[in-house]
Structure formats: structure tokens, C-alpha cells
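Peer 1: The structure follows.
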Amino acid sequence: MKSQQDSLLDKANDWKLLVDLPGNNYVFPIDIYCTEERPDIVIWSPSKKMTIIIELTCPAEEGIENAKLRKETKYLPLISEIRRQNKFTVNFMTVEVGVRGFIATSLKKCFAMLGLPKQKSCRACKEASYIAASCSHTIFLAASSKFWNDNKELLVIPEN
């Protein structure tokens, strides 16, 4: 009996990764599809012609289902075109972390599909919860400010 479920990443050993971060405006891999879309995370294997697209949303907790639907609707044309061309198989996942720190089941499912062990998944979920709530609190405190200080870090995570 296997101690861990098979993950999507077990299917290849040549994975590439792009993450949409500030200052890192990537171009969606043209060997998958030519588009101006930039999902939050794109992981792909050229040899297996597989792609994993992950889109993060941080809505108010009561809006998690609507946020998920919005992201699915937004990326449906891209996913359909990639599949239609039969170039790559597509695994699309939305993950939602509420602004007050609620972790939707989608994040845990995403971690499981990527093969993250349960203990590490639990820790990552706790960290995501802390980061979302802390950033929201900082933004709330600055709501009455006339100016936003671009040089001030939104969140400083203490070293472990």
C-alpha cells in the first residue's frame, strides 16, 4: 500500500514553472498556447505535454464560491483552446484564501494534487491564513490614509 497518493508532478521530470509576481511579468509559454493571459501559476512538462494552471483569489469569505466561478469563467476560453488544439492536457485549479484567513478546501486539494505531504500542507495553509489576515488588517488600518507608502512592506513575516 502506498503511503502517499500519486501526484500530478509524478507524471514527468521536466517540469517548468512560471509565477505572476510583481516585477516578473512573464509571457505565457507559447509552446502551450499564444495568449496575453497570465494565470498566477503555470507549471508544464514539455515532454508529457501537460500543464497545471493555478489561479489564486483572496475574496471575502462569503464570496468564495462567486470568486471561484469568476476565475473559472475567466480562464475557460484559454483552457478550451489549449485542449481544442490537442497540444497539452490542462489541469486547472482555483485556490481561494479568504481575506480574514479562511482557507477554502481548494487550497488543500491543490496541495494534495501536487503531492505535498499532509504535514507540509497544513503548515502552508496556516501560513497562507496568517498572511491573508495580516495583509487585510494592514490595508484596513490604512483605509483612512490619503496616501499609500509604496516603499513600506505590506507584511513582514518573522523568521522561524
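Each chain in the C-alpha cells gets a letter, A, B, ..., in the order shown, and its residues are numbered from 1; ligands are numbered from 1 in order too.
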Give me, as JSON lines, the closest atom pair and its distance (Å, one decimal) for every residue of region 32-64 of chain A within a cut-off of 8 Å of region 87-103 of chain A, counting only C-alpha atoms, rows sorted by chain and rising number.
Peer 2:
```
{"residue": "A:Ile32", "atom": "CA", "partner": "A:Phe88", "partner_atom": "CA", "distance": 6.5}
{"residue": "A:Lys49", "atom": "CA", "partner": "A:Phe88", "partner_atom": "CA", "distance": 4.5}
{"residue": "A:Met50", "atom": "CA", "partner": "A:Thr89", "partner_atom": "CA", "distance": 4.8}
{"residue": "A:Thr51", "atom": "CA", "partner": "A:Val90", "partner_atom": "CA", "distance": 5.0}
{"residue": "A:Ile52", "atom": "CA", "partner": "A:Asn91", "partner_atom": "CA", "distance": 4.7}
{"residue": "A:Ile53", "atom": "CA", "partner": "A:Phe92", "partner_atom": "CA", "distance": 4.8}
{"residue": "A:Ile54", "atom": "CA", "partner": "A:Met93", "partner_atom": "CA", "distance": 4.9}
{"residue": "A:Glu55", "atom": "CA", "partner": "A:Thr94", "partner_atom": "CA", "distance": 4.7}
{"residue": "A:Leu56", "atom": "CA", "partner": "A:Val95", "partner_atom": "CA", "distance": 4.9}
{"residue": "A:Thr57", "atom": "CA", "partner": "A:Glu96", "partner_atom": "CA", "distance": 4.9}
{"residue": "A:Cys58", "atom": "CA", "partner": "A:Val97", "partner_atom": "CA", "distance": 4.9}
{"residue": "A:Pro59", "atom": "CA", "partner": "A:Gly98", "partner_atom": "CA", "distance": 5.2}
{"residue": "A:Ala60", "atom": "CA", "partner": "A:Val99", "partner_atom": "CA", "distance": 5.3}
{"residue": "A:Glu61", "atom": "CA", "partner": "A:Gly98", "partner_atom": "CA", "distance": 4.8}
{"residue": "A:Ile64", "atom": "CA", "partner": "A:Glu96", "partner_atom": "CA", "distance": 6.6}
```
Peer 1: Could you turn the residues from that selection into a file that holds N, CA and C atoms, as a short mmCIF file (atom, residue, chain, number, x, y, z; two decimals), in the first residue's frame?
Peer 2:
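Okay, selection.cif is ready:
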```
data_model
loop_
_atom_site.label_atom_id
_atom_site.label_comp_id
_atom_site.auth_asym_id
_atom_site.auth_seq_id
_atom_site.Cartn_x
_atom_site.Cartn_y
_atom_site.Cartn_z
N ILE A 32 2.70 26.11 -25.37
CA ILE A 32 1.40 25.63 -24.91
C ILE A 32 0.31 26.32 -25.71
N LYS A 49 3.56 16.96 -22.40
CA LYS A 49 2.53 17.88 -22.92
C LYS A 49 1.40 18.04 -21.91
N MET A 50 1.80 18.29 -20.67
CA MET A 50 0.84 18.51 -19.57
C MET A 50 1.06 19.91 -19.01
N THR A 51 -0.02 20.54 -18.60
CA THR A 51 0.09 21.83 -17.92
C THR A 51 -0.83 21.87 -16.72
N ILE A 52 -0.36 22.57 -15.70
CA ILE A 52 -1.14 22.80 -14.49
C ILE A 52 -1.24 24.31 -14.37
N ILE A 53 -2.46 24.80 -14.35
CA ILE A 53 -2.69 26.24 -14.21
C ILE A 53 -3.40 26.46 -12.87
N ILE A 54 -2.83 27.34 -12.06
CA ILE A 54 -3.38 27.61 -10.73
C ILE A 54 -3.68 29.10 -10.64
N GLU A 55 -4.87 29.41 -10.20
CA GLU A 55 -5.30 30.80 -10.07
C GLU A 55 -5.75 31.05 -8.63
N LEU A 56 -5.15 32.03 -7.97
CA LEU A 56 -5.43 32.37 -6.58
C LEU A 56 -6.39 33.54 -6.50
N THR A 57 -7.32 33.47 -5.57
CA THR A 57 -8.22 34.57 -5.28
C THR A 57 -8.31 34.73 -3.78
N CYS A 58 -8.36 35.98 -3.32
CA CYS A 58 -8.50 36.27 -1.89
C CYS A 58 -9.75 37.12 -1.67
N PRO A 59 -10.92 36.49 -1.76
CA PRO A 59 -12.17 37.24 -1.59
C PRO A 59 -12.59 37.29 -0.12
N ALA A 60 -13.63 38.06 0.14
CA ALA A 60 -14.27 37.96 1.45
C ALA A 60 -14.83 36.55 1.55
N GLU A 61 -14.82 35.98 2.73
CA GLU A 61 -15.20 34.58 2.91
C GLU A 61 -16.58 34.27 2.33
N ILE A 64 -16.50 33.42 -1.58
CA ILE A 64 -15.56 32.43 -2.11
C ILE A 64 -16.12 31.70 -3.32
#
```
Peer 1: With only C-alpha atoms counted and 9 Å as the cut-off, give the residues of region 116-155 of chain A in contact with region 105-112 of chain A, each with its shortest interatomic distance in Å and the pair that gives it, as a Markdown table.
Peer 2:
```
| residue | atom | partner | partner_atom | distance |
| --- | --- | --- | --- | --- |
| A:Leu116 | CA | A:Phe111 | CA | 5.3 |
| A:Pro117 | CA | A:Ala112 | CA | 7.3 |
| A:Lys118 | CA | A:Ala112 | CA | 7.6 |
| A:Ser121 | CA | A:Phe111 | CA | 6.2 |
| A:Cys122 | CA | A:Lys108 | CA | 8.0 |
| A:Cys125 | CA | A:Lys108 | CA | 7.4 |
```
Peer 1: Calculate how many Å separate CA of Ala104 (chain A) from CA of Ile79 (chain A), rounding to one decimal.
Peer 2: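 So the answer is 22.8 Å.
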Peer 1: What does the distance from CA of Leu78 (chain A) to CA of Lys16 (chain A) come to in Å, to one decimal?
Peer 2: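 Separation between CA of Leu78 (chain A) and CA of Lys16 (chain A): 19.0 Å.
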Peer 1: Identify, on the basis of only C-alpha atoms, every residue whose closest approach to Lys74 (chain A) does not exceed 12 Å; exclude the query and any residue fewer than 2 positions from it along the same chain; express the result as a list in words.
Peer 2: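 Non-adjacent residues within range: Glu37, Arg38, Pro39, Glu55, Ala67, Lys68, Leu69, Arg70, Lys71, Glu72, Leu76, Pro77, Leu78, Ile79, Ser80, Phe92 and Thr94 of chain A.
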Peer 1: Do you have the CA of Asn149 (chain A)-CA of Asn25 (chain A) distance handy?
Peer 2: 22.3 Å
Peer 1: Write down as a PyMOL selection string the residues belonging to region 66-108 of chain A that are assigned helix (DSSP H, G or I) by DSSP computed on the backbone.
Peer 2: chain A and resi 66-84+105-108
Peer 1: Pick out the residues sitting within 12 Å of Ser134 (chain A), and hand them over as number ranges by chain; count only C-alpha atoms, and ignore anything fewer than 3 positions along from it in its own chain.
Peer 2: A: 98-101, 127-131, 137-141, 153-157
Peer 1: Tell me which of A:Phe147, A:Asp20, A:Asp6, A:Thr35 sits closest to Gly115 (chain A), counting only C-alpha atoms.
Peer 2: A:Asp6
Peer 1: Pick out the closest residue to Arg84 (chain A) from this set: A:Leu114, A:Lys152, A:Tyr33, A:Lys120. Count only C-alpha atoms.
Peer 2: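 Closest to Arg84 (chain A) of all the choices is A:Tyr33.
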